[in-house]
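Asker: One file: structure30.txt (compact mmCIF, C-alpha atoms).
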# COMPACT_ATOMS: atom_id res chain seq x y z
CA MET N 12 23.12 35.08 -6.28
CA THR N 13 23.24 32.81 -3.26
CA THR N 14 19.60 33.58 -2.53
CA LEU N 15 18.65 32.76 -6.09
CA GLN N 16 20.43 29.43 -5.92
CA ALA N 17 18.80 28.57 -2.61
CA THR N 18 15.28 29.23 -3.87
CA ALA N 19 15.68 27.71 -7.34
CA PRO N 20 13.47 24.65 -7.78
CA GLN N 21 15.24 21.28 -7.81
CA SER N 22 15.26 19.69 -11.26
CA LEU N 23 13.03 16.66 -11.59
CA ARG N 24 14.51 13.42 -12.84
CA PRO N 25 12.87 11.98 -15.97
CA TYR N 26 12.46 8.45 -14.59
CA PRO N 27 11.54 6.95 -11.21
CA PRO N 28 14.10 5.10 -9.05
CA GLY N 29 14.92 1.53 -9.99
CA ASP N 30 14.71 -0.30 -13.28
CA LEU N 31 12.24 1.13 -15.79
CA ALA N 32 11.00 -2.42 -16.49
CA ILE N 33 9.75 -2.80 -12.91
CA TRP N 34 7.79 0.42 -13.33
CA VAL N 35 6.10 -0.92 -16.44
CA PHE N 36 5.22 -3.99 -14.35
CA ILE N 37 4.05 -1.79 -11.44
CA LEU N 38 1.78 0.26 -13.73
CA ALA N 39 0.32 -2.95 -15.18
CA GLU N 40 -0.34 -4.29 -11.69
CA LEU N 41 -1.90 -1.01 -10.57
CA LEU N 42 -4.14 -1.08 -13.65
CA ALA N 43 -5.28 -4.62 -12.82
CA PHE N 44 -6.04 -3.72 -9.20
CA GLY N 45 -7.65 -0.45 -10.29
CA VAL N 46 -10.09 -2.26 -12.57
CA MET N 47 -10.93 -4.67 -9.74
CA PHE N 48 -11.52 -1.78 -7.32
CA VAL N 49 -13.87 -0.03 -9.75
CA ILE N 50 -15.81 -3.25 -10.40
CA TYR N 51 -15.99 -3.79 -6.62
CA GLY N 52 -17.46 -0.29 -6.19
CA VAL N 53 -20.09 -0.90 -8.87
CA ALA N 54 -21.02 -4.29 -7.38
CA ARG N 55 -21.26 -2.70 -3.95
CA MET N 56 -23.54 0.00 -5.35
CA LYS N 57 -25.89 -2.63 -6.75
CA HIS N 58 -25.87 -4.89 -3.66
CA ARG N 59 -25.38 -2.40 -0.88
CA GLU N 60 -27.29 -4.24 1.84
CA LEU N 61 -25.42 -7.48 1.22
CA PHE N 62 -22.02 -5.73 1.21
CA ASP N 63 -22.82 -3.74 4.38
CA GLN N 64 -24.02 -6.87 6.16
CA MET N 65 -21.13 -9.09 5.07
CA GLN N 66 -18.52 -6.45 5.80
CA LEU N 67 -19.47 -6.67 9.47
CA THR N 68 -18.42 -10.35 9.45
CA LEU N 69 -14.81 -9.38 8.61
CA ASP N 70 -12.14 -8.99 11.27
CA ARG N 71 -11.42 -5.24 11.08
CA ASN N 72 -8.74 -5.53 13.75
CA ALA N 73 -6.84 -7.99 11.57
CA GLY N 74 -7.25 -5.70 8.58
CA ALA N 75 -5.92 -2.72 10.53
CA ALA N 76 -3.05 -4.78 11.98
CA ASN N 77 -2.10 -5.81 8.46
CA THR N 78 -2.18 -2.19 7.33
CA VAL N 79 0.21 -1.30 10.16
CA LEU N 80 2.48 -4.19 9.14
CA LEU N 81 2.61 -3.22 5.46
CA VAL N 82 3.04 0.49 6.16
CA THR N 83 5.84 -0.38 8.58
CA GLY N 84 7.41 -2.77 6.08
CA SER N 85 7.37 -0.03 3.47
CA TRP N 86 8.97 2.40 5.90
CA CYS N 87 11.69 -0.14 6.74
CA VAL N 88 12.53 -0.61 3.06
CA ALA N 89 12.60 3.16 2.48
CA ARG N 90 15.02 3.42 5.42
CA ALA N 91 17.12 0.61 3.89
CA VAL N 92 17.47 2.61 0.68
CA ALA N 93 18.33 5.74 2.68
CA ALA N 94 20.99 3.74 4.57
CA ILE N 95 22.65 2.35 1.45
CA ARG N 96 22.85 5.87 0.06
CA ARG N 97 25.19 6.55 3.01
CA ASP N 98 27.11 3.33 2.29
CA ALA N 99 25.78 1.79 5.53
CA SER N 100 25.40 -1.75 4.14
CA ALA N 101 24.96 -3.55 7.46
CA LEU N 102 22.30 -1.10 8.61
CA SER N 103 20.57 -1.29 5.25
CA ALA N 104 20.46 -5.10 5.48
CA ARG N 105 18.91 -4.87 8.96
CA TRP N 106 16.20 -2.51 7.70
CA LEU N 107 15.50 -4.91 4.84
CA ALA N 108 15.23 -7.81 7.28
CA CYS N 109 12.70 -5.80 9.30
CA GLY N 110 10.74 -5.17 6.09
CA ILE N 111 10.72 -8.91 5.34
CA LEU N 112 9.55 -9.66 8.90
CA ALA N 113 6.71 -7.15 8.50
CA GLY N 114 5.69 -8.91 5.29
CA LEU N 115 5.85 -12.26 7.05
CA GLY N 116 3.64 -10.86 9.81
CA PHE N 117 1.14 -9.77 7.18
CA LEU N 118 1.02 -13.26 5.69
CA VAL N 119 0.54 -14.86 9.12
CA VAL N 120 -2.33 -12.53 10.07
CA LYS N 121 -3.98 -12.99 6.68
CA GLY N 122 -3.49 -16.74 6.97
CA PHE N 123 -5.34 -16.77 10.30
CA GLU N 124 -8.11 -14.67 8.76
CA TYR N 125 -8.47 -17.12 5.87
CA GLN N 126 -8.41 -20.09 8.24
CA VAL N 127 -11.31 -18.69 10.29
CA LYS N 128 -13.33 -17.97 7.16
CA PHE N 129 -12.66 -21.37 5.61
CA GLU N 130 -13.64 -23.11 8.87
CA GLN N 131 -16.92 -21.19 8.68
CA GLY N 132 -17.43 -22.64 5.21
CA VAL N 133 -16.79 -19.39 3.36
CA ASN N 134 -15.68 -19.80 -0.25
CA LEU N 135 -15.91 -18.02 -3.59
CA ASP N 136 -19.51 -19.23 -4.02
CA THR N 137 -20.74 -18.00 -0.63
CA ASN N 138 -21.98 -14.69 -2.02
CA LEU N 139 -20.87 -11.77 -4.20
CA PHE N 140 -19.16 -9.93 -1.34
CA TYR N 141 -17.02 -12.92 -0.38
CA MET N 142 -16.21 -13.58 -4.01
CA PHE N 143 -14.70 -10.09 -4.15
CA TYR N 144 -13.13 -10.32 -0.69
CA LEU N 145 -11.35 -13.59 -1.44
CA SER N 146 -10.34 -12.63 -4.98
CA LEU N 147 -9.00 -9.18 -4.11
CA THR N 148 -7.21 -10.16 -0.92
CA PHE N 149 -5.73 -13.39 -2.33
CA PHE N 150 -4.49 -11.60 -5.46
CA HIS N 151 -2.84 -9.08 -3.14
CA PHE N 152 -1.57 -11.88 -0.85
CA MET N 153 0.32 -13.36 -3.82
CA HIS N 154 1.89 -9.96 -4.50
CA VAL N 155 3.10 -9.75 -0.90
CA LEU N 156 4.61 -13.21 -1.30
CA LEU N 157 6.43 -12.17 -4.49
CA GLY N 158 7.55 -8.95 -2.82
CA MET N 159 9.08 -10.92 0.02
CA VAL N 160 11.00 -13.13 -2.40
CA ILE N 161 12.36 -10.00 -4.11
CA LEU N 162 13.24 -8.38 -0.77
CA ALA N 163 14.98 -11.57 0.39
CA ALA N 164 17.16 -11.53 -2.74
CA VAL N 165 17.95 -7.82 -2.20
CA TRP N 166 18.70 -8.47 1.49
CA TRP N 167 21.10 -11.29 0.59
CA LYS N 168 22.96 -9.17 -1.95
CA THR N 169 23.12 -6.28 0.54
CA ARG N 170 24.65 -8.58 3.15
CA GLN N 171 27.27 -9.61 0.58
CA GLY N 172 28.15 -5.96 0.07
CA GLY N 173 26.60 -5.94 -3.39
CA TYR N 174 25.17 -2.43 -3.11
CA SER N 175 26.77 0.93 -2.43
CA SER N 176 25.88 4.60 -2.52
CA ALA N 177 27.11 4.63 -6.12
CA ASP N 178 25.28 1.48 -7.19
CA HIS N 179 21.97 0.53 -5.55
CA HIS N 180 19.78 0.41 -8.61
CA GLY N 181 18.70 -3.18 -7.82
CA MET N 182 17.65 -2.27 -4.29
CA GLU N 183 15.56 0.63 -5.58
CA THR N 184 13.92 -1.72 -8.06
CA GLY N 185 12.89 -4.16 -5.33
CA ALA N 186 11.84 -1.31 -3.02
CA SER N 187 9.58 0.20 -5.69
CA TYR N 188 7.73 -3.08 -6.08
CA TRP N 189 7.34 -3.45 -2.31
CA HIS N 190 5.91 0.06 -1.97
CA MET N 191 3.39 -0.74 -4.72
CA VAL N 192 2.17 -3.69 -2.64
CA ASP N 193 1.72 -1.33 0.32
CA LEU N 194 -0.05 1.28 -1.83
CA VAL N 195 -2.60 -1.24 -3.10
CA TRP N 196 -3.42 -2.36 0.46
CA ILE N 197 -3.87 1.27 1.55
CA VAL N 198 -6.77 1.43 -0.93
CA LEU N 199 -8.04 -2.12 -0.36
CA PHE N 200 -8.35 -1.88 3.43
CA PRO N 201 -10.85 1.01 3.62
CA LEU N 202 -12.86 -0.22 0.62
CA VAL N 203 -13.34 -3.78 1.80
CA TYR N 204 -13.08 -3.55 5.60
CA VAL N 205 -14.28 -0.11 6.65
CA MET N 206 -16.45 2.05 4.35
CA ARG N 207 -20.17 1.46 4.69
CA MET D 22 16.03 8.26 -4.51
CA ASN D 23 17.81 11.54 -4.22
CA GLY D 24 19.31 13.28 -1.24
CA GLN D 25 16.13 15.05 -0.17
CA TYR D 26 14.74 11.90 1.51
CA SER D 27 16.13 12.13 5.01
CA SER D 28 15.69 9.36 7.56
CA ARG D 29 13.84 11.75 9.85
CA GLY D 30 11.48 12.71 7.04
CA LEU D 31 10.75 9.04 6.35
CA ASP D 32 10.08 8.47 10.06
CA PHE D 33 7.62 11.36 10.08
CA VAL D 34 5.79 9.94 7.06
CA TRP D 35 5.58 6.57 8.82
CA VAL D 36 4.03 8.19 11.90
CA LEU D 37 1.48 9.98 9.70
CA LEU D 38 0.62 6.70 7.97
CA LEU D 39 0.12 4.97 11.33
CA ALA D 40 -2.06 7.84 12.56
CA GLY D 41 -4.19 7.68 9.41
CA THR D 42 -4.54 3.92 9.78
CA GLY D 43 -5.53 4.28 13.43
CA PHE D 44 -8.16 6.91 12.63
CA THR D 45 -9.60 4.79 9.80
CA TRP D 46 -9.76 1.77 12.12
CA TRP D 47 -11.47 3.88 14.81
CA LEU D 48 -14.08 5.16 12.35
CA GLY D 49 -14.90 1.57 11.42
CA GLU D 50 -14.85 0.16 14.93
CA SER D 51 -17.01 2.95 16.38
CA GLY D 52 -19.69 2.22 13.81
CA HIS D 53 -19.34 5.40 11.78
CA ALA D 54 -21.16 4.98 8.50
CA GLY D 55 -22.78 7.14 5.86
CA PRO D 56 -21.56 9.76 3.39
CA GLN D 57 -19.54 11.85 5.84
CA ALA D 58 -17.72 8.87 7.31
CA VAL D 59 -17.03 7.40 3.86
CA THR D 60 -15.72 10.75 2.59
CA ALA D 61 -13.37 10.94 5.59
CA ILE D 62 -12.23 7.33 5.17
CA LEU D 63 -11.47 7.74 1.46
CA ALA D 64 -9.81 11.13 2.02
CA ILE D 65 -7.49 9.55 4.59
CA ALA D 66 -6.69 6.76 2.12
CA ALA D 67 -5.90 9.40 -0.52
CA VAL D 68 -3.50 11.24 1.79
CA LYS D 69 -1.82 8.00 2.85
CA GLY D 70 -1.49 6.91 -0.78
CA VAL D 71 0.05 10.22 -1.87
CA LEU D 72 2.54 10.01 1.01
CA VAL D 73 3.62 6.50 -0.04
CA ILE D 74 3.84 7.51 -3.71
CA ARG D 75 5.80 10.71 -3.18
CA GLU D 76 7.95 9.86 -0.17
CA PHE D 77 8.45 6.08 -0.06
CA MET D 78 8.28 5.37 -3.80
CA ALA D 79 10.34 8.57 -4.12
CA LEU D 80 8.33 10.01 -6.99
CA ARG D 81 8.53 13.49 -5.44
CA GLY D 82 11.79 14.10 -7.26
CA VAL D 83 10.61 12.61 -10.55
CA SER D 84 8.88 14.21 -13.53
CA LEU D 85 5.32 15.41 -13.04
CA LEU D 86 4.09 12.96 -15.67
CA TRP D 87 5.17 10.00 -13.51
CA GLN D 88 3.70 11.56 -10.39
CA ALA D 89 0.43 12.34 -12.16
CA THR D 90 0.20 8.80 -13.54
CA VAL D 91 0.50 7.03 -10.19
CA ILE D 92 -1.41 9.62 -8.15
CA GLY D 93 -4.02 9.63 -10.93
CA TRP D 94 -4.48 5.89 -10.46
CA LEU D 95 -5.09 6.46 -6.75
CA VAL D 96 -7.58 9.28 -7.37
CA VAL D 97 -9.52 7.30 -9.99
CA ALA D 98 -9.76 4.20 -7.77
CA LEU D 99 -11.00 6.18 -4.76
CA ALA D 100 -13.21 8.63 -6.68
CA ALA D 101 -14.91 5.78 -8.55
CA ASN D 102 -15.79 4.13 -5.25
CA MET D 103 -16.94 7.44 -3.80
CA ALA D 104 -19.17 8.07 -6.83
CA ALA D 105 -20.55 4.53 -6.72
CA TYR D 106 -21.28 4.95 -3.01
CA TRP D 107 -23.23 8.17 -3.58
CA LYS D 108 -25.11 6.69 -6.53
CA GLY D 109 -26.05 3.66 -4.42
CA LEU D 110 -27.57 5.72 -1.60
Write out the structure in this file as C-alpha cells.
Answerer:
Amino acid sequence: MTTLQATAPQSLRPYPPGDLAIWVFILAELLAFGVMFVIYGVARMKHRELFDQMQLTLDRNAGAANTVLLVTGSWCVARAVAAIRRDASALSARWLACGILAGLGFLVVKGFEYQVKFEQGVNLDTNLFYMFYLSLTFFHFMHVLLGMVILAAVWWKTRQGGYSSADHHGMETGASYWHMVDLVWIVLFPLVYVMR
Amino acid sequence: MNGQYSSRGLDFVWVLLLAGTGFTWWLGESGHAGPQAVTAILAIAAVKGVLVIREFMALRGVSLLWQATVIGWLVVALAANMAAYWKGL
C-alpha cells in the first residue's frame, strides 16, 4: 500500500498559480508577441540578406547580458515565492528586491543599446530589420517596466508582512507576469540577435 | 506553486538557463550560421522556454491543457521561424 501511494501520480491543479485574470492577460500578451515573432520570421525569409547583414550591427554581448539578467530576475522571483511558502517574509522580500534589481539592470543595458543606435541615426525608418528590432524590443521593454512596477508593489507588501504561506496569491500573480516577460525574451534574443 | 518546487531545484534550473544562454551567445559570437546552427539555437531556446514555463511559472503541477497552451505558444513561435528560415534558404 505504501509503495502504491509513493508511486501514484500527483494530481494536477485545474488552474495555474496566481489570479486567473493575470493568466488571461498573459495569454493575450503571448499571442501578441507570437504574431510579431511569426511576422518577423516571414519578413526575414523575404529579406534574408538585409536581416543577416543588419543583425551583425547589433551588440550580441548586450543581448546575452540582458538574457542573463532576465533569467536571473525570474529565478530570484521564483525563490521569493518558494521563501514565502515557508513563511520567510524577510527572505522573500530580499529575493524580490534582487529580481527588481535584475530588471533595472536589463533596462540600463537596453537603454545604452538604444542610445548607441539613436546616436548612429537608427530609427524605425532606417530599414525593415531595424523597424522590427525597435518595435519588438521596445514593446518588450515596456513589459519589463510594467513588471518592475508590479514587483515593487509585491515587494512592498511582502515587507509589510502582507503575504504568508497560507496567503500569497498576490505574489504568485505578480511572479507569473514577470516570468512571462522572461519567457518572451528567451525567444526574442535568439531570433533577433543570434540566428542567421 | 506547490511543494514540489524546492529551492535547490530552482537553483538547478537557473544554472541550466545560464548554460543555455552562454552556449547560444557562443554560437553567435563564434560566427556559427546555417541550418545546423539555427536548429541548435532554436532547440536551446525551446528547452529554456519549457524550463521557465514548467518550473518558474510552476505549470508543471497544473492541468495538461494549461501546459499545452503555453508550451504550444513556444513551439509555434520557434517552429514558424525555423520553417521560415528553411524556406528562405
Asker: At a cut-off of 10 Å, using all atoms listed in the file, what residues contact segment 61-71 of chain D? Leave out same-chain residues fewer than 4 positions from it and give the result as a PyMOL selection string.
Answerer: (chain N and resi 82+191+193-202+205-207) or (chain D and resi 34-35+37-42+44-46+48-49+53-54+56-57+75-78+80-81+88+91-93+95-96+98-100+102-103)
Asker: Generate a file of the selected residues that holds C-alpha atoms, formatted as a compact mmCIF listing (two decimals), in the frame of the given file.
Answerer:
# COMPACT_ATOMS: atom_id res chain seq x y z
CA VAL N 82 3.04 0.49 6.16
CA MET N 191 3.39 -0.74 -4.72
CA ASP N 193 1.72 -1.33 0.32
CA LEU N 194 -0.05 1.28 -1.83
CA VAL N 195 -2.60 -1.24 -3.10
CA TRP N 196 -3.42 -2.36 0.46
CA ILE N 197 -3.87 1.27 1.55
CA VAL N 198 -6.77 1.43 -0.93
CA LEU N 199 -8.04 -2.12 -0.36
CA PHE N 200 -8.35 -1.88 3.43
CA PRO N 201 -10.85 1.01 3.62
CA LEU N 202 -12.86 -0.22 0.62
CA VAL N 205 -14.28 -0.11 6.65
CA MET N 206 -16.45 2.05 4.35
CA ARG N 207 -20.17 1.46 4.69
CA VAL D 34 5.79 9.94 7.06
CA TRP D 35 5.58 6.57 8.82
CA LEU D 37 1.48 9.98 9.70
CA LEU D 38 0.62 6.70 7.97
CA LEU D 39 0.12 4.97 11.33
CA ALA D 40 -2.06 7.84 12.56
CA GLY D 41 -4.19 7.68 9.41
CA THR D 42 -4.54 3.92 9.78
CA PHE D 44 -8.16 6.91 12.63
CA THR D 45 -9.60 4.79 9.80
CA TRP D 46 -9.76 1.77 12.12
CA LEU D 48 -14.08 5.16 12.35
CA GLY D 49 -14.90 1.57 11.42
CA HIS D 53 -19.34 5.40 11.78
CA ALA D 54 -21.16 4.98 8.50
CA PRO D 56 -21.56 9.76 3.39
CA GLN D 57 -19.54 11.85 5.84
CA ARG D 75 5.80 10.71 -3.18
CA GLU D 76 7.95 9.86 -0.17
CA PHE D 77 8.45 6.08 -0.06
CA MET D 78 8.28 5.37 -3.80
CA LEU D 80 8.33 10.01 -6.99
CA ARG D 81 8.53 13.49 -5.44
CA GLN D 88 3.70 11.56 -10.39
CA VAL D 91 0.50 7.03 -10.19
CA ILE D 92 -1.41 9.62 -8.15
CA GLY D 93 -4.02 9.63 -10.93
CA LEU D 95 -5.09 6.46 -6.75
CA VAL D 96 -7.58 9.28 -7.37
CA ALA D 98 -9.76 4.20 -7.77
CA LEU D 99 -11.00 6.18 -4.76
CA ALA D 100 -13.21 8.63 -6.68
CA ASN D 102 -15.79 4.13 -5.25
CA MET D 103 -16.94 7.44 -3.80
Asker: Quick one: pull the distance between atom CA of Leu23 of chain N and atom CA of Gly82 of chain D, Å, one decimal.
Answerer: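 Interatomic distance here is 5.2 Å.
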Asker: Report, in Å with one decimal, the straight-line distance from atom CA of Leu139 of chain N to atom CA of Arg55 of chain N.
Answerer: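 Separating atom CA of Leu139 of chain N from atom CA of Arg55 of chain N is a distance of 9.1 Å.
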Asker: Please return as a ChimeraX atom specification every residue within 9 Å of (-22.5, -15.1, 7.4), taking into account all atoms listed in the file and the file's own coordinates.
Answerer: /N:64-65,68,131,133,137
Asker: With distances taken over only C-alpha atoms, which residue among N:Trp34, N:Met56, N:Trp189, N:Ala43 lies nearest chain D?
Answerer: N:Met56
Asker: Can you tell me how far atom CA of Tyr51 of chain N sits from atom CA of Phe140 of chain N, in Å to one decimal?
Answerer: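 Between atom CA of Tyr51 of chain N and atom CA of Phe140 of chain N the gap works out to 8.7 Å.
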Asker: With distances taken over all atoms listed in the file, which residue among D:Leu72, D:Gly30, D:Ser84, D:Thr60 lies nearest chain N?
Answerer: D:Ser84
Asker: Produce the centre coordinates and the three edge lengths, each in Å to one decimal, of the box along x, y and z that contains all listed atoms of segment 30-46 of chain D with 6 Å added on each side, as lines of an AutoDock Vina configuration file.
Answerer:
center_x = 0.9
center_y = 7.2
center_z = 9.9
size_x = 33.2
size_y = 22.9
size_z = 19.1
Asker: Residues proximal to (8.7, -6.5, 3.7) were defined as those with any atom within 6 Å of that point in the file's coordinates, counting all atoms listed in the file. Which are they, as a PyMOL selection string?
Answerer: chain N and resi 84+110-111+113-114+159
Asker: Using the incomplete input, complete segment 117-135 of chain N to the level of N, CA and C atoms; output as a PDB file, in the coordinates of the input.
Answerer:
ATOM      1  N   PHE N 117       2.349  -9.958   7.980  1.00  0.00           N
ATOM      2  CA  PHE N 117       1.140  -9.770   7.180  1.00  0.00           C
ATOM      3  C   PHE N 117       0.584 -11.119   6.730  1.00  0.00           C
ATOM      4  N   LEU N 118       1.470 -11.960   6.202  1.00  0.00           N
ATOM      5  CA  LEU N 118       1.020 -13.260   5.690  1.00  0.00           C
ATOM      6  C   LEU N 118       0.430 -14.122   6.807  1.00  0.00           C
ATOM      7  N   VAL N 119       1.032 -14.063   7.994  1.00  0.00           N
ATOM      8  CA  VAL N 119       0.540 -14.860   9.120  1.00  0.00           C
ATOM      9  C   VAL N 119      -0.860 -14.387   9.532  1.00  0.00           C
ATOM     10  N   VAL N 120      -1.020 -13.066   9.684  1.00  0.00           N
ATOM     11  CA  VAL N 120      -2.330 -12.530  10.070  1.00  0.00           C
ATOM     12  C   VAL N 120      -3.377 -12.869   9.021  1.00  0.00           C
ATOM     13  N   LYS N 121      -3.021 -12.691   7.761  1.00  0.00           N
ATOM     14  CA  LYS N 121      -3.980 -12.990   6.680  1.00  0.00           C
ATOM     15  C   LYS N 121      -4.288 -14.484   6.662  1.00  0.00           C
ATOM     16  N   GLY N 122      -3.279 -15.296   6.929  1.00  0.00           N
ATOM     17  CA  GLY N 122      -3.490 -16.740   6.970  1.00  0.00           C
ATOM     18  C   GLY N 122      -4.501 -17.121   8.045  1.00  0.00           C
ATOM     19  N   PHE N 123      -4.371 -16.505   9.232  1.00  0.00           N
ATOM     20  CA  PHE N 123      -5.340 -16.770  10.300  1.00  0.00           C
ATOM     21  C   PHE N 123      -6.743 -16.324   9.880  1.00  0.00           C
ATOM     22  N   GLU N 124      -6.809 -15.170   9.229  1.00  0.00           N
ATOM     23  CA  GLU N 124      -8.110 -14.670   8.760  1.00  0.00           C
ATOM     24  C   GLU N 124      -8.747 -15.664   7.792  1.00  0.00           C
ATOM     25  N   TYR N 125      -7.956 -16.139   6.838  1.00  0.00           N
ATOM     26  CA  TYR N 125      -8.470 -17.120   5.870  1.00  0.00           C
ATOM     27  C   TYR N 125      -8.905 -18.397   6.576  1.00  0.00           C
ATOM     28  N   GLN N 126      -8.101 -18.846   7.537  1.00  0.00           N
ATOM     29  CA  GLN N 126      -8.410 -20.090   8.240  1.00  0.00           C
ATOM     30  C   GLN N 126      -9.782 -20.005   8.916  1.00  0.00           C
ATOM     31  N   VAL N 127     -10.019 -18.879   9.606  1.00  0.00           N
ATOM     32  CA  VAL N 127     -11.310 -18.690  10.290  1.00  0.00           C
ATOM     33  C   VAL N 127     -12.450 -18.721   9.280  1.00  0.00           C
ATOM     34  N   LYS N 128     -12.272 -18.026   8.182  1.00  0.00           N
ATOM     35  CA  LYS N 128     -13.330 -17.970   7.160  1.00  0.00           C
ATOM     36  C   LYS N 128     -13.567 -19.342   6.541  1.00  0.00           C
ATOM     37  N   PHE N 129     -12.504 -20.049   6.245  1.00  0.00           N
ATOM     38  CA  PHE N 129     -12.660 -21.370   5.610  1.00  0.00           C
ATOM     39  C   PHE N 129     -13.326 -22.345   6.575  1.00  0.00           C
ATOM     40  N   GLU N 130     -12.997 -22.236   7.874  1.00  0.00           N
ATOM     41  CA  GLU N 130     -13.640 -23.110   8.870  1.00  0.00           C
ATOM     42  C   GLU N 130     -15.137 -22.803   8.984  1.00  0.00           C
ATOM     43  N   GLN N 131     -15.498 -21.551   8.669  1.00  0.00           N
ATOM     44  CA  GLN N 131     -16.920 -21.190   8.680  1.00  0.00           C
ATOM     45  C   GLN N 131     -17.616 -21.598   7.380  1.00  0.00           C
ATOM     46  N   GLY N 132     -16.853 -22.195   6.475  1.00  0.00           N
ATOM     47  CA  GLY N 132     -17.430 -22.640   5.210  1.00  0.00           C
ATOM     48  C   GLY N 132     -17.478 -21.579   4.130  1.00  0.00           C
ATOM     49  N   VAL N 133     -16.795 -20.463   4.359  1.00  0.00           N
ATOM     50  CA  VAL N 133     -16.790 -19.390   3.360  1.00  0.00           C
ATOM     51  C   VAL N 133     -15.935 -19.816   2.166  1.00  0.00           C
ATOM     52  N   ASN N 134     -16.463 -19.576   0.974  1.00  0.00           N
ATOM     53  CA  ASN N 134     -15.680 -19.800  -0.250  1.00  0.00           C
ATOM     54  C   ASN N 134     -16.135 -18.816  -1.328  1.00  0.00           C
ATOM     55  N   LEU N 135     -15.609 -18.977  -2.519  1.00  0.00           N
ATOM     56  CA  LEU N 135     -15.910 -18.020  -3.590  1.00  0.00           C
ATOM     57  C   LEU N 135     -17.401 -18.017  -3.961  1.00  0.00           C
TER      58      LEU N 135
END
